[in-house]
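**Student:** Below is the file final29.cif, which contains mmCIF, C-alpha atoms, pLDDT in the B column; chains and numbers go by the auth columns.
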data_model
loop_
_atom_site.group_PDB
_atom_site.id
_atom_site.type_symbol
_atom_site.label_atom_id
_atom_site.label_comp_id
_atom_site.label_asym_id
_atom_site.label_seq_id
_atom_site.Cartn_x
_atom_site.Cartn_y
_atom_site.Cartn_z
_atom_site.B_iso_or_equiv
_atom_site.auth_seq_id
_atom_site.auth_asym_id
ATOM 1 C CA MET A 1 14.578 3.215 -14.214 78.00 1 A
ATOM 2 C CA TYR A 2 11.409 4.647 -12.706 86.00 2 A
ATOM 3 C CA SER A 3 10.539 8.127 -11.457 91.00 3 A
ATOM 4 C CA PHE A 4 7.560 9.023 -9.292 95.00 4 A
ATOM 5 C CA ASN A 5 5.745 12.237 -8.441 94.00 5 A
ATOM 6 C CA ILE A 6 3.862 11.629 -5.195 97.00 6 A
ATOM 7 C CA VAL A 7 1.209 14.040 -3.894 96.00 7 A
ATOM 8 C CA LEU A 8 1.486 14.068 -0.102 97.00 8 A
ATOM 9 C CA THR A 9 -1.279 16.606 0.463 95.00 9 A
ATOM 10 C CA GLU A 10 -3.810 18.745 -1.347 93.00 10 A
ATOM 11 C CA LYS A 11 -3.535 21.416 1.347 92.00 11 A
ATOM 12 C CA CYS A 12 -1.934 24.694 0.326 92.00 12 A
ATOM 13 C CA ASN A 13 -1.010 27.971 2.001 88.00 13 A
ATOM 14 C CA ILE A 14 -1.912 30.111 -1.031 88.00 14 A
ATOM 15 C CA SER A 15 -4.480 30.147 -3.841 88.00 15 A
ATOM 16 C CA CYS A 16 -3.004 30.444 -7.347 86.00 16 A
ATOM 17 C CA PRO A 17 -5.147 31.250 -10.406 80.00 17 A
ATOM 18 C CA HIS A 18 -3.553 28.495 -12.524 84.00 18 A
ATOM 19 C CA CYS A 19 -3.699 25.547 -10.089 83.00 19 A
ATOM 20 C CA TYR A 20 -4.800 22.433 -11.968 79.00 20 A
ATOM 21 C CA MET A 21 -5.715 20.760 -8.650 79.00 21 A
ATOM 22 C CA SER A 22 -7.648 23.845 -7.472 78.00 22 A
ATOM 23 C CA CYS A 23 -5.793 23.762 -4.132 83.00 23 A
ATOM 24 C CA SER A 24 -6.314 26.726 -1.821 80.00 24 A
ATOM 25 C CA HIS A 25 -5.599 28.068 1.648 81.00 25 A
ATOM 26 C CA LEU A 26 -9.355 28.609 1.889 75.00 26 A
ATOM 27 C CA SER A 27 -10.185 24.892 1.871 77.00 27 A
ATOM 28 C CA ASN A 28 -9.014 21.748 3.659 82.00 28 A
ATOM 29 C CA GLY A 29 -7.508 19.419 1.078 88.00 29 A
ATOM 30 C CA ARG A 30 -6.938 15.714 1.591 93.00 30 A
ATOM 31 C CA THR A 31 -3.657 14.397 3.018 96.00 31 A
ATOM 32 C CA MET A 32 -2.068 10.954 2.822 97.00 32 A
ATOM 33 C CA SER A 33 -1.921 8.956 6.017 97.00 33 A
ATOM 34 C CA LYS A 34 1.454 7.888 7.360 98.00 34 A
ATOM 35 C CA GLU A 35 0.430 4.260 6.852 98.00 35 A
ATOM 36 C CA ASN A 36 -0.375 4.800 3.178 98.00 36 A
ATOM 37 C CA ILE A 37 2.794 6.728 2.360 98.00 37 A
ATOM 38 C CA THR A 38 4.775 3.945 4.074 98.00 38 A
ATOM 39 C CA THR A 39 3.053 1.325 1.914 98.00 39 A
ATOM 40 C CA ILE A 40 3.640 3.329 -1.265 98.00 40 A
ATOM 41 C CA ILE A 41 7.321 3.863 -0.506 98.00 41 A
ATOM 42 C CA LYS A 42 7.894 0.185 0.247 97.00 42 A
ATOM 43 C CA ARG A 43 6.264 -0.730 -3.070 96.00 43 A
ATOM 44 C CA LEU A 44 8.467 1.485 -5.221 95.00 44 A
ATOM 45 C CA PRO A 45 10.682 -0.587 -7.559 92.00 45 A
ATOM 46 C CA LEU A 46 14.281 -1.142 -6.467 92.00 46 A
ATOM 47 C CA ASN A 47 15.470 0.587 -9.639 90.00 47 A
ATOM 48 C CA THR A 48 13.564 3.780 -8.860 94.00 48 A
ATOM 49 C CA ARG A 49 15.711 6.718 -9.971 93.00 49 A
ATOM 50 C CA LYS A 50 13.862 9.710 -8.566 96.00 50 A
ATOM 51 C CA VAL A 51 11.002 10.547 -6.214 98.00 51 A
ATOM 52 C CA VAL A 52 9.421 13.998 -6.272 97.00 52 A
ATOM 53 C CA LEU A 53 7.280 14.910 -3.262 98.00 53 A
ATOM 54 C CA THR A 54 4.674 17.487 -4.167 95.00 54 A
ATOM 55 C CA GLY A 55 1.256 18.880 -3.285 92.00 55 A
ATOM 56 C CA GLY A 56 -0.591 21.157 -2.719 91.00 56 A
ATOM 57 C CA GLU A 57 2.179 22.617 -0.653 94.00 57 A
ATOM 58 C CA VAL A 58 4.239 19.870 0.991 95.00 58 A
ATOM 59 C CA PHE A 59 5.288 22.067 3.923 96.00 59 A
ATOM 60 C CA CYS A 60 1.646 22.361 5.016 95.00 60 A
ATOM 61 C CA GLU A 61 2.188 18.823 6.350 95.00 61 A
ATOM 62 C CA LYS A 62 5.831 19.131 7.295 95.00 62 A
ATOM 63 C CA GLU A 63 5.891 16.277 9.838 97.00 63 A
ATOM 64 C CA LEU A 64 4.501 13.883 7.225 98.00 64 A
ATOM 65 C CA LEU A 65 6.938 15.333 4.695 98.00 65 A
ATOM 66 C CA PHE A 66 9.935 14.747 6.960 98.00 66 A
ATOM 67 C CA TYR A 67 8.707 11.216 7.696 98.00 67 A
ATOM 68 C CA ALA A 68 8.337 10.475 3.976 98.00 68 A
ATOM 69 C CA ILE A 69 11.824 11.788 3.190 99.00 69 A
ATOM 70 C CA LYS A 70 13.433 9.703 5.936 98.00 70 A
ATOM 71 C CA THR A 71 11.497 6.584 4.929 98.00 71 A
ATOM 72 C CA ILE A 72 12.451 6.927 1.264 98.00 72 A
ATOM 73 C CA ARG A 73 16.099 7.448 2.160 98.00 73 A
ATOM 74 C CA LYS A 74 16.048 4.435 4.504 97.00 74 A
ATOM 75 C CA HIS A 75 14.736 2.057 1.827 97.00 75 A
ATOM 76 C CA TYR A 76 16.425 3.621 -1.231 97.00 76 A
ATOM 77 C CA PRO A 77 19.819 5.086 -0.258 97.00 77 A
ATOM 78 C CA ASP A 78 20.716 6.156 -3.805 96.00 78 A
ATOM 79 C CA VAL A 79 17.414 7.535 -5.060 98.00 79 A
ATOM 80 C CA ILE A 80 17.154 11.239 -5.919 98.00 80 A
ATOM 81 C CA ILE A 81 14.672 12.986 -3.611 98.00 81 A
ATOM 82 C CA GLU A 82 13.248 16.284 -4.832 98.00 82 A
ATOM 83 C CA LEU A 83 10.656 18.585 -3.267 98.00 83 A
ATOM 84 C CA GLU A 84 8.311 20.978 -5.051 96.00 84 A
ATOM 85 C CA SER A 85 7.312 24.079 -3.088 96.00 85 A
ATOM 86 C CA ASN A 86 6.065 27.618 -3.526 93.00 86 A
ATOM 87 C CA GLY A 87 8.758 28.717 -1.063 94.00 87 A
ATOM 88 C CA LYS A 88 6.559 30.624 1.366 94.00 88 A
ATOM 89 C CA TYR A 89 7.181 28.284 4.300 92.00 89 A
ATOM 90 C CA ILE A 90 10.957 28.453 3.932 94.00 90 A
ATOM 91 C CA TYR A 91 11.378 32.185 3.307 93.00 91 A
ATOM 92 C CA SER A 92 9.116 32.899 6.303 92.00 92 A
ATOM 93 C CA LYS A 93 11.544 31.160 8.657 91.00 93 A
ATOM 94 C CA GLU A 94 13.932 33.257 10.720 87.00 94 A
ATOM 95 C CA ASP A 95 16.913 31.052 9.860 93.00 95 A
ATOM 96 C CA ILE A 96 16.487 29.776 6.311 96.00 96 A
ATOM 97 C CA LYS A 97 19.908 28.129 6.303 95.00 97 A
ATOM 98 C CA VAL A 98 18.990 25.911 9.262 96.00 98 A
ATOM 99 C CA VAL A 99 15.866 24.650 7.456 96.00 99 A
ATOM 100 C CA LEU A 100 17.769 23.922 4.245 97.00 100 A
ATOM 101 C CA THR A 101 20.606 22.204 6.084 98.00 101 A
ATOM 102 C CA TYR A 102 18.148 19.974 7.937 98.00 102 A
ATOM 103 C CA LEU A 103 16.480 18.965 4.673 98.00 103 A
ATOM 104 C CA LYS A 104 19.858 18.019 3.247 98.00 104 A
ATOM 105 C CA THR A 105 20.692 16.053 6.401 98.00 105 A
ATOM 106 C CA ILE A 106 17.576 13.872 6.167 98.00 106 A
ATOM 107 C CA GLY A 107 18.100 13.152 2.485 98.00 107 A
ATOM 108 C CA VAL A 108 16.739 15.867 0.160 98.00 108 A
ATOM 109 C CA ASN A 109 18.825 16.341 -2.996 99.00 109 A
ATOM 110 C CA SER A 110 17.011 19.303 -4.507 98.00 110 A
ATOM 111 C CA ILE A 111 14.065 21.669 -4.083 98.00 111 A
ATOM 112 C CA VAL A 112 12.175 23.217 -6.984 96.00 112 A
ATOM 113 C CA PHE A 113 10.584 26.564 -6.147 95.00 113 A
ATOM 114 C CA SER A 114 7.929 28.225 -8.284 91.00 114 A
ATOM 115 C CA ASP A 115 8.954 31.589 -9.720 92.00 115 A
ATOM 116 C CA ASP A 116 6.100 32.926 -11.800 89.00 116 A
ATOM 117 C CA PRO A 117 3.327 35.546 -11.831 89.00 117 A
ATOM 118 C CA PHE A 118 0.679 32.939 -10.988 87.00 118 A
ATOM 119 C CA HIS A 119 2.250 32.223 -7.597 89.00 119 A
ATOM 120 C CA GLN A 120 2.858 35.915 -7.027 90.00 120 A
ATOM 121 C CA GLN A 121 -0.835 36.561 -7.594 89.00 121 A
ATOM 122 C CA GLY A 122 -1.571 33.695 -5.213 89.00 122 A
ATOM 123 C CA GLY A 123 0.356 35.376 -2.412 90.00 123 A
ATOM 124 C CA VAL A 124 4.047 34.472 -2.814 93.00 124 A
ATOM 125 C CA ASP A 125 6.801 37.087 -2.526 95.00 125 A
ATOM 126 C CA LEU A 126 8.949 36.178 -5.536 94.00 126 A
ATOM 127 C CA LEU A 127 11.869 38.350 -4.433 96.00 127 A
ATOM 128 C CA LYS A 128 12.101 36.360 -1.203 96.00 128 A
ATOM 129 C CA VAL A 129 11.791 33.079 -3.120 96.00 129 A
ATOM 130 C CA ARG A 130 14.698 34.069 -5.360 96.00 130 A
ATOM 131 C CA LYS A 131 16.845 35.037 -2.381 96.00 131 A
ATOM 132 C CA ILE A 132 16.649 31.449 -1.075 97.00 132 A
ATOM 133 C CA LYS A 133 19.235 30.593 -3.752 97.00 133 A
ATOM 134 C CA GLU A 134 21.798 32.669 -1.836 96.00 134 A
ATOM 135 C CA TYR A 135 21.763 30.077 0.968 96.00 135 A
ATOM 136 C CA GLU A 136 22.703 27.188 -1.306 97.00 136 A
ATOM 137 C CA ASP A 137 25.999 25.430 -0.601 97.00 137 A
ATOM 138 C CA ASN A 138 27.351 21.893 -0.188 97.00 138 A
ATOM 139 C CA ASN A 139 25.354 21.486 3.028 97.00 139 A
ATOM 140 C CA THR A 140 21.975 22.314 1.483 98.00 140 A
ATOM 141 C CA PRO A 141 19.827 20.775 -1.247 98.00 141 A
ATOM 142 C CA LYS A 142 20.350 22.140 -4.740 98.00 142 A
ATOM 143 C CA ILE A 143 17.974 25.045 -5.326 97.00 143 A
ATOM 144 C CA LYS A 144 16.069 25.093 -8.622 95.00 144 A
ATOM 145 C CA TYR A 145 13.330 27.283 -10.038 94.00 145 A
ATOM 146 C CA LEU A 146 10.342 26.505 -12.240 88.00 146 A
ATOM 147 C CA ILE A 147 9.285 29.499 -14.312 85.00 147 A
ATOM 148 C CA LEU A 148 5.807 29.174 -15.770 82.00 148 A
ATOM 149 C CA ASN A 149 4.130 31.905 -17.787 82.00 149 A
ATOM 150 C CA LYS A 150 1.264 29.895 -19.253 83.00 150 A
ATOM 151 C CA ALA A 151 -0.886 27.016 -17.998 80.00 151 A
ATOM 152 C CA LEU A 152 -3.159 24.358 -19.459 77.00 152 A
ATOM 153 C CA GLU A 153 -6.895 24.983 -19.048 77.00 153 A
ATOM 154 C CA ILE A 154 -7.311 22.485 -16.229 78.00 154 A
ATOM 155 C CA GLY A 155 -8.723 23.133 -12.764 80.00 155 A
ATOM 156 C CA ARG A 156 -8.709 26.797 -11.771 84.00 156 A
ATOM 157 C CA ALA A 157 -6.767 27.652 -14.931 79.00 157 A
ATOM 158 C CA ARG A 158 -10.008 27.342 -16.900 79.00 158 A
ATOM 159 C CA ASN A 159 -10.640 30.948 -15.869 85.00 159 A
ATOM 160 C CA LEU A 160 -7.354 32.345 -17.206 84.00 160 A
ATOM 161 C CA ASP A 161 -7.229 34.919 -19.980 88.00 161 A
ATOM 162 C CA ASP A 162 -6.365 33.510 -23.410 83.00 162 A
ATOM 163 C CA ASN A 163 -2.862 35.010 -23.366 84.00 163 A
ATOM 164 C CA LYS A 164 -2.090 32.967 -20.224 85.00 164 A
ATOM 165 C CA VAL A 165 -3.283 29.663 -21.680 79.00 165 A
ATOM 166 C CA GLU A 166 -0.706 27.097 -22.813 75.00 166 A
ATOM 167 C CA LYS A 167 -1.326 25.833 -26.351 66.00 167 A
ATOM 168 C CA ARG A 168 1.539 23.342 -26.640 61.00 168 A
ATOM 169 C CA ASN A 169 1.194 19.612 -26.197 52.00 169 A
ATOM 170 C CA CYS A 170 2.785 18.999 -22.791 54.00 170 A
ATOM 171 C CA MET A 171 3.743 15.425 -23.711 49.00 171 A
ATOM 172 C CA ASN A 172 6.043 16.623 -26.475 46.00 172 A
ATOM 173 C CA ASN A 173 8.332 18.731 -24.338 48.00 173 A
ATOM 174 C CA GLU A 174 11.812 17.409 -23.629 50.00 174 A
ATOM 175 C CA ASN A 175 11.363 17.138 -19.860 51.00 175 A
ATOM 176 C CA THR A 176 8.455 14.738 -20.300 50.00 176 A
ATOM 177 C CA THR A 177 9.754 12.550 -23.110 48.00 177 A
ATOM 178 C CA ASN A 178 13.244 12.159 -21.627 53.00 178 A
ATOM 179 C CA ASN A 179 12.079 11.660 -18.034 55.00 179 A
ATOM 180 C CA PRO A 180 8.979 9.459 -17.970 60.00 180 A
ATOM 181 C CA TYR A 181 7.363 9.206 -14.558 79.00 181 A
ATOM 182 C CA PHE A 182 4.331 7.909 -12.715 90.00 182 A
ATOM 183 C CA PHE A 183 2.057 10.341 -10.910 92.00 183 A
ATOM 184 C CA VAL A 184 0.630 9.068 -7.609 96.00 184 A
ATOM 185 C CA ASP A 185 -2.237 11.082 -6.163 96.00 185 A
ATOM 186 C CA VAL A 186 -3.130 11.567 -2.518 96.00 186 A
ATOM 187 C CA GLU A 187 -5.241 8.378 -2.508 96.00 187 A
ATOM 188 C CA GLY A 188 -2.544 6.215 -4.092 97.00 188 A
ATOM 189 C CA PHE A 189 -4.013 6.085 -7.603 96.00 189 A
ATOM 190 C CA VAL A 190 -1.330 5.846 -10.291 93.00 190 A
ATOM 191 C CA TYR A 191 -1.576 7.961 -13.439 87.00 191 A
ATOM 192 C CA LEU A 192 0.543 8.239 -16.559 80.00 192 A
ATOM 193 C CA CYS A 193 -0.107 11.978 -16.664 75.00 193 A
ATOM 194 C CA ALA A 194 0.149 14.582 -13.896 77.00 194 A
ATOM 195 C CA TRP A 195 -3.058 16.202 -15.084 75.00 195 A
ATOM 196 C CA LYS A 196 -5.027 13.044 -14.165 78.00 196 A
ATOM 197 C CA ILE A 197 -7.021 13.322 -17.373 71.00 197 A
ATOM 198 C CA ILE A 198 -6.608 9.801 -18.693 72.00 198 A
ATOM 199 C CA PRO A 199 -8.094 7.302 -16.175 77.00 199 A
ATOM 200 C CA HIS A 200 -5.748 5.907 -13.525 86.00 200 A
ATOM 201 C CA ILE A 201 -4.043 2.557 -14.149 87.00 201 A
ATOM 202 C CA GLY A 202 -4.306 1.173 -10.608 92.00 202 A
ATOM 203 C CA ASN A 203 -3.686 1.910 -6.937 97.00 203 A
ATOM 204 C CA ILE A 204 -0.210 1.296 -5.526 97.00 204 A
ATOM 205 C CA ILE A 205 -1.538 1.121 -1.965 98.00 205 A
ATOM 206 C CA TYR A 206 -3.414 -2.086 -2.770 97.00 206 A
ATOM 207 C CA GLU A 207 -1.264 -3.745 -5.435 96.00 207 A
ATOM 208 C CA GLN A 208 2.331 -3.960 -6.586 94.00 208 A
ATOM 209 C CA LEU A 209 3.446 -1.694 -9.421 91.00 209 A
ATOM 210 C CA SER A 210 4.585 -4.766 -11.362 90.00 210 A
ATOM 211 C CA ASP A 211 1.009 -6.105 -11.281 93.00 211 A
ATOM 212 C CA ILE A 212 -0.373 -2.734 -12.367 90.00 212 A
ATOM 213 C CA LEU A 213 2.039 -2.550 -15.303 85.00 213 A
ATOM 214 C CA PHE A 214 1.400 -6.153 -16.348 86.00 214 A
ATOM 215 C CA ARG A 215 -2.342 -5.531 -16.404 87.00 215 A
ATOM 216 C CA LEU A 216 -1.819 -2.257 -18.272 80.00 216 A
ATOM 217 C CA LYS A 217 0.229 -4.015 -20.943 79.00 217 A
ATOM 218 C CA GLU A 218 -2.385 -6.729 -21.352 78.00 218 A
ATOM 219 C CA GLU A 219 -5.230 -4.223 -21.497 76.00 219 A
ATOM 220 C CA PHE A 220 -3.337 -1.953 -23.896 67.00 220 A
ATOM 221 C CA ASN A 221 -2.616 -4.829 -26.279 68.00 221 A
ATOM 222 C CA SER A 222 -6.256 -5.832 -26.080 65.00 222 A
ATOM 223 C CA LEU A 223 -7.388 -2.297 -26.905 60.00 223 A
ATOM 224 C CA ILE A 224 -5.059 -2.189 -29.909 58.00 224 A
ATOM 225 C CA LEU A 225 -6.374 -5.499 -31.226 60.00 225 A
ATOM 226 C CA ARG A 226 -9.980 -4.351 -30.837 58.00 226 A
ATOM 227 C CA GLY A 227 -9.285 -0.934 -32.362 57.00 227 A
ATOM 228 C CA GLU A 228 -10.654 0.794 -29.279 55.00 228 A
ATOM 229 C CA ILE A 229 -7.854 3.336 -28.794 54.00 229 A
ATOM 230 C CA LEU A 230 -8.887 5.168 -31.944 55.00 230 A
ATOM 231 C CA LYS A 231 -12.494 4.732 -30.888 55.00 231 A
ATOM 232 C CA ALA A 232 -11.773 6.285 -27.476 53.00 232 A
ATOM 233 C CA ILE A 233 -10.085 9.295 -29.044 53.00 233 A
ATOM 234 C CA ASN A 234 -12.844 9.818 -31.587 55.00 234 A
ATOM 235 C CA ILE A 235 -15.794 8.856 -29.403 52.00 235 A
ATOM 236 C CA ASN A 236 -17.076 12.418 -29.168 50.00 236 A
ATOM 237 C CA HIS A 237 -15.296 14.044 -32.097 53.00 237 A
ATOM 238 C CA ASN A 238 -14.734 13.367 -35.747 59.00 238 A
ATOM 239 C CA PRO A 239 -11.136 13.613 -37.061 62.00 239 A
ATOM 240 C CA LYS A 240 -11.637 17.126 -38.450 68.00 240 A
ATOM 241 C CA GLU A 241 -12.884 18.369 -35.100 65.00 241 A
ATOM 242 C CA ASN A 242 -9.985 16.606 -33.362 62.00 242 A
ATOM 243 C CA GLN A 243 -7.503 18.413 -35.589 65.00 243 A
ATOM 244 C CA LYS A 244 -9.150 21.748 -34.844 68.00 244 A
ATOM 245 C CA ILE A 245 -8.846 21.128 -31.092 62.00 245 A
ATOM 246 C CA VAL A 246 -5.179 20.178 -31.510 61.00 246 A
ATOM 247 C CA ASN A 247 -4.520 23.352 -33.478 67.00 247 A
ATOM 248 C CA ASP A 248 -6.421 25.565 -31.044 67.00 248 A
ATOM 249 C CA LYS A 249 -5.510 24.080 -27.678 61.00 249 A
ATOM 250 C CA GLY A 250 -2.739 21.510 -28.119 59.00 250 A
ATOM 251 C CA GLU A 251 -2.914 17.723 -28.089 57.00 251 A
ATOM 252 C CA CYS A 252 -3.078 17.491 -24.307 58.00 252 A
ATOM 253 C CA MET A 253 -6.308 19.457 -24.377 55.00 253 A
ATOM 254 C CA LEU A 254 -7.653 17.043 -26.980 53.00 254 A
ATOM 255 C CA CYS A 255 -7.132 14.378 -24.331 59.00 255 A
ATOM 256 C CA TYR A 256 -8.878 16.591 -21.770 57.00 256 A
ATOM 257 C CA THR A 257 -11.808 17.327 -24.044 58.00 257 A
ATOM 258 C CA THR A 258 -12.238 13.666 -24.976 53.00 258 A
ATOM 259 C CA PHE A 259 -12.157 12.152 -21.503 53.00 259 A
ATOM 260 C CA SER A 260 -14.006 14.910 -19.638 51.00 260 A
ATOM 261 C CA ARG A 261 -16.894 15.483 -22.042 45.00 261 A
ATOM 262 C CA LYS A 262 -20.166 14.059 -20.762 40.00 262 A
ATOM 263 C CA LYS A 263 -21.552 11.354 -23.001 36.00 263 A
ATOM 264 C CA LYS A 264 -25.045 11.964 -24.302 32.00 264 A
#
How would this structure read if it were set down as structure tokens?
**Tutor:**
Amino acid sequence: MYSFNIVLTEKCNISCPHCYMSCSHLSNGRTMSKENITTIIKRLPLNTRKVVLTGGEVFCEKELLFYAIKTIRKHYPDVIIELESNGKYIYSKEDIKVVLTYLKTIGVNSIVFSDDPFHQQGGVDLLKVRKIKEYEDNNTPKIKYLILNKALEIGRARNLDDNKVEKRNCMNNENTTNNPYFFVDVEGFVYLCAWKIIPHIGNIIYEQLSDILFRLKEEFNSLILRGEILKAININHNPKENQKIVNDKGECMLCYTTFSRKKK
């Protein structure tokens, strides 16, 4: 069973201090074309379990969002469709219930809203976001909340104070290990990590996922046989330095430090 997080747009209606993609209402981010999102959806495996549509802020491109939802539901009647949003678009509407009911009608199962000080600082009214829950019923998507108090030092979060920096290894938390997913960016590149730190494994716009995974398996086995995985991890750091980074910043940031450091 496969799950996918698909970035429809890098546009956003706010500017949060922790955003790993550095999205902002002050800049024009990239957006998928309708043709590309159609291709991606048609190439999802038949046993896809869940598709999360995210951004940026997905409601900045609401016509594309609605098209994507309808297309997913047309091709995969039983898949779980979830949206990620900061909530500002919905709570700004005069009739919130009408918006939620429409989303349910076209196929949305759940919406995850951000409820944290980072989004509040970015310009979201958290009290209004929380009140959206009051409109939930059998005719609306399930309303969920993501509460985040710390963030990894990626993107704009590099400027956060130390007490706001996440030290844990993100790949060891239960949500990640029990729900593996592919992350598809706005250009169709497929990653094994939402942070896009490790290089992408292919582009689903131009090739089937099965071909991407077959090549990945072959390349991974080849790397193991040549001993190059250990080499890649230690290319810029000796084991003692690696351990210090893990202790100080978490294993995910070891990955970040390794792959982002400029080679001399």
**Student:** Which residues, written as a ChimeraX atom specification, have at least one atom at most 10 Å from Val186 of chain A, with all atoms listed in the file counted and residues fewer than 3 positions away on the same chain left out?
**Tutor:** /A:6-10,29-33,36-37,54-56,183,189-190
**Student:** Apply the PyMOL selection byres ((chain A and resi 21) around 12) to the displayed file and report the matching residues as a PyMOL selection string.
**Tutor:** chain A and resi 7+9-12+15-20+22-24+29-30+54-57+152-158+185-186+194-197
**Student:** One decimal, Å: what's the distance from atom CA of Tyr91 of chain A over to atom CA of Ile106 of chain A, could you say?
**Tutor:**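 Rounded to one decimal, the two atoms are 19.5 Å apart.
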**Student:** Within 8 Å of Glu84 of chain A, counting all atoms listed in the file, which residues qualify if same-chain residues fewer than 5 places away don't, as a list of chain:residue names?
**Tutor:**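 So the residues in contact are A:Val52, A:Leu53, A:Thr54, A:Gly55, A:Glu57, A:Val58, A:Ile111, A:Val112, A:Phe113, A:Ser114.
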**Student:** Considering all atoms listed in the file, can you say which of A:Tyr102, A:Tyr145, A:Phe182, A:Phe4 comes closest to Phe66 of chain A?
**Tutor:**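 The closest residue to Phe66 of chain A is A:Tyr102.
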**Student:** Here's the selection I'm unsure about, the PyMOL selection byres ((chain A and resi 46) around 10); applied to the file above, which residues does it give, as an MDAnalysis selection string?
**Tutor:** chainID A and resid 1:2 42:45 47:49 75:76 79
**Student:** Would you please work out which residue, of A:Lys131, A:Glu187, A:Val124, A:Asp116, is nearest to Ala151 of chain A when using all atoms listed in the file?
**Tutor:** A:Asp116
**Student:** May I ask for the distance between atom CA of Val51 of chain A and atom CA of Ser3 of chain A, given in Å to one decimal place?
**Tutor:**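 Separating atom CA of Val51 of chain A from atom CA of Ser3 of chain A is a distance of 5.8 Å.
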**Student:** Which residue gives the smallest distance to Ile212 of chain A among A:Leu100, A:Val165, A:Leu146, A:Leu192, with all atoms listed in the file counted?
**Tutor:**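 Ranked by minimum distance to Ile212 of chain A, first place goes to A:Leu192.
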**Student:** If I take atom CA of Lys142 of chain A and atom CA of Gly122 of chain A, how far is one from the other in Å, to one decimal?
**Tutor:** 24.8 Å
**Student:** For Cys60 of chain A, which residue out of A:Asn13, A:Lys133, A:Ser85, A:Lys34 is the nearest one, using all atoms listed in the file?
**Tutor:**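 That would be A:Asn13, the residue with the smallest distance to Cys60 of chain A.
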**Student:** For a quick check of understanding, using all atoms listed in the file, which of A:Asn163, A:Arg215, A:Ile81, A:Ile72 has the smallest distance to Thr38 of chain A?
**Tutor:**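 The shortest atom-to-atom distance to Thr38 of chain A comes from A:Ile72.
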**Student:** Quick check on the file I pasted: which residues fall under the PyMOL selection byres ((chain A and resi 99) around 12)? Write them as a PyMOL selection string.
**Tutor:** chain A and resi 59+62+66+87+89-98+100-106+108+132+135-136+139-141
**Student:** Provide an axis-aligned box for all listed atoms of segment 120-138 of chain A, padding each side by 6 Å; report its centre and its edge lengths in Å to one decimal, as lines of an AutoDock Vina configuration file.
**Tutor:**
center_x = 12.9
center_y = 30.1
center_z = -3.3
size_x = 40.9
size_y = 28.5
size_z = 20.6
**Student:** Since the input lacks atoms, please generate N, CA and C atoms for segment 72-84 of chain A and provide them as a compact mmCIF listing (two decimals), in the coordinates of the input.
**Tutor:**
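Heads up, here's the output in rebuild_2.txt:
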# COMPACT_ATOMS: atom_id res chain seq x y z
N ILE A 72 11.91 7.16 2.61
CA ILE A 72 12.45 6.93 1.26
C ILE A 72 13.95 6.69 1.34
N ARG A 73 14.64 7.56 2.07
CA ARG A 73 16.10 7.45 2.16
C ARG A 73 16.51 6.15 2.84
N LYS A 74 15.74 5.69 3.81
CA LYS A 74 16.05 4.43 4.50
C LYS A 74 15.98 3.25 3.55
N HIS A 75 14.95 3.21 2.71
CA HIS A 75 14.74 2.06 1.83
C HIS A 75 15.47 2.18 0.50
N TYR A 76 15.78 3.40 0.08
CA TYR A 76 16.42 3.62 -1.23
C TYR A 76 17.56 4.64 -1.06
N PRO A 77 18.71 4.18 -0.58
CA PRO A 77 19.82 5.09 -0.26
C PRO A 77 20.30 5.94 -1.43
N ASP A 78 20.15 5.45 -2.66
CA ASP A 78 20.72 6.16 -3.80
C ASP A 78 19.69 6.92 -4.63
N VAL A 79 18.43 6.87 -4.26
CA VAL A 79 17.41 7.54 -5.06
C VAL A 79 17.54 9.06 -4.92
N ILE A 80 17.19 9.78 -5.97
CA ILE A 80 17.15 11.24 -5.92
C ILE A 80 15.83 11.66 -5.30
N ILE A 81 15.88 12.47 -4.25
CA ILE A 81 14.67 12.99 -3.61
C ILE A 81 14.57 14.48 -3.89
N GLU A 82 13.46 14.87 -4.49
CA GLU A 82 13.25 16.28 -4.83
C GLU A 82 11.92 16.75 -4.25
N LEU A 83 11.88 17.99 -3.78
CA LEU A 83 10.66 18.58 -3.27
C LEU A 83 10.20 19.68 -4.21
N GLU A 84 8.88 19.85 -4.32
CA GLU A 84 8.31 20.98 -5.05
C GLU A 84 7.58 21.86 -4.05
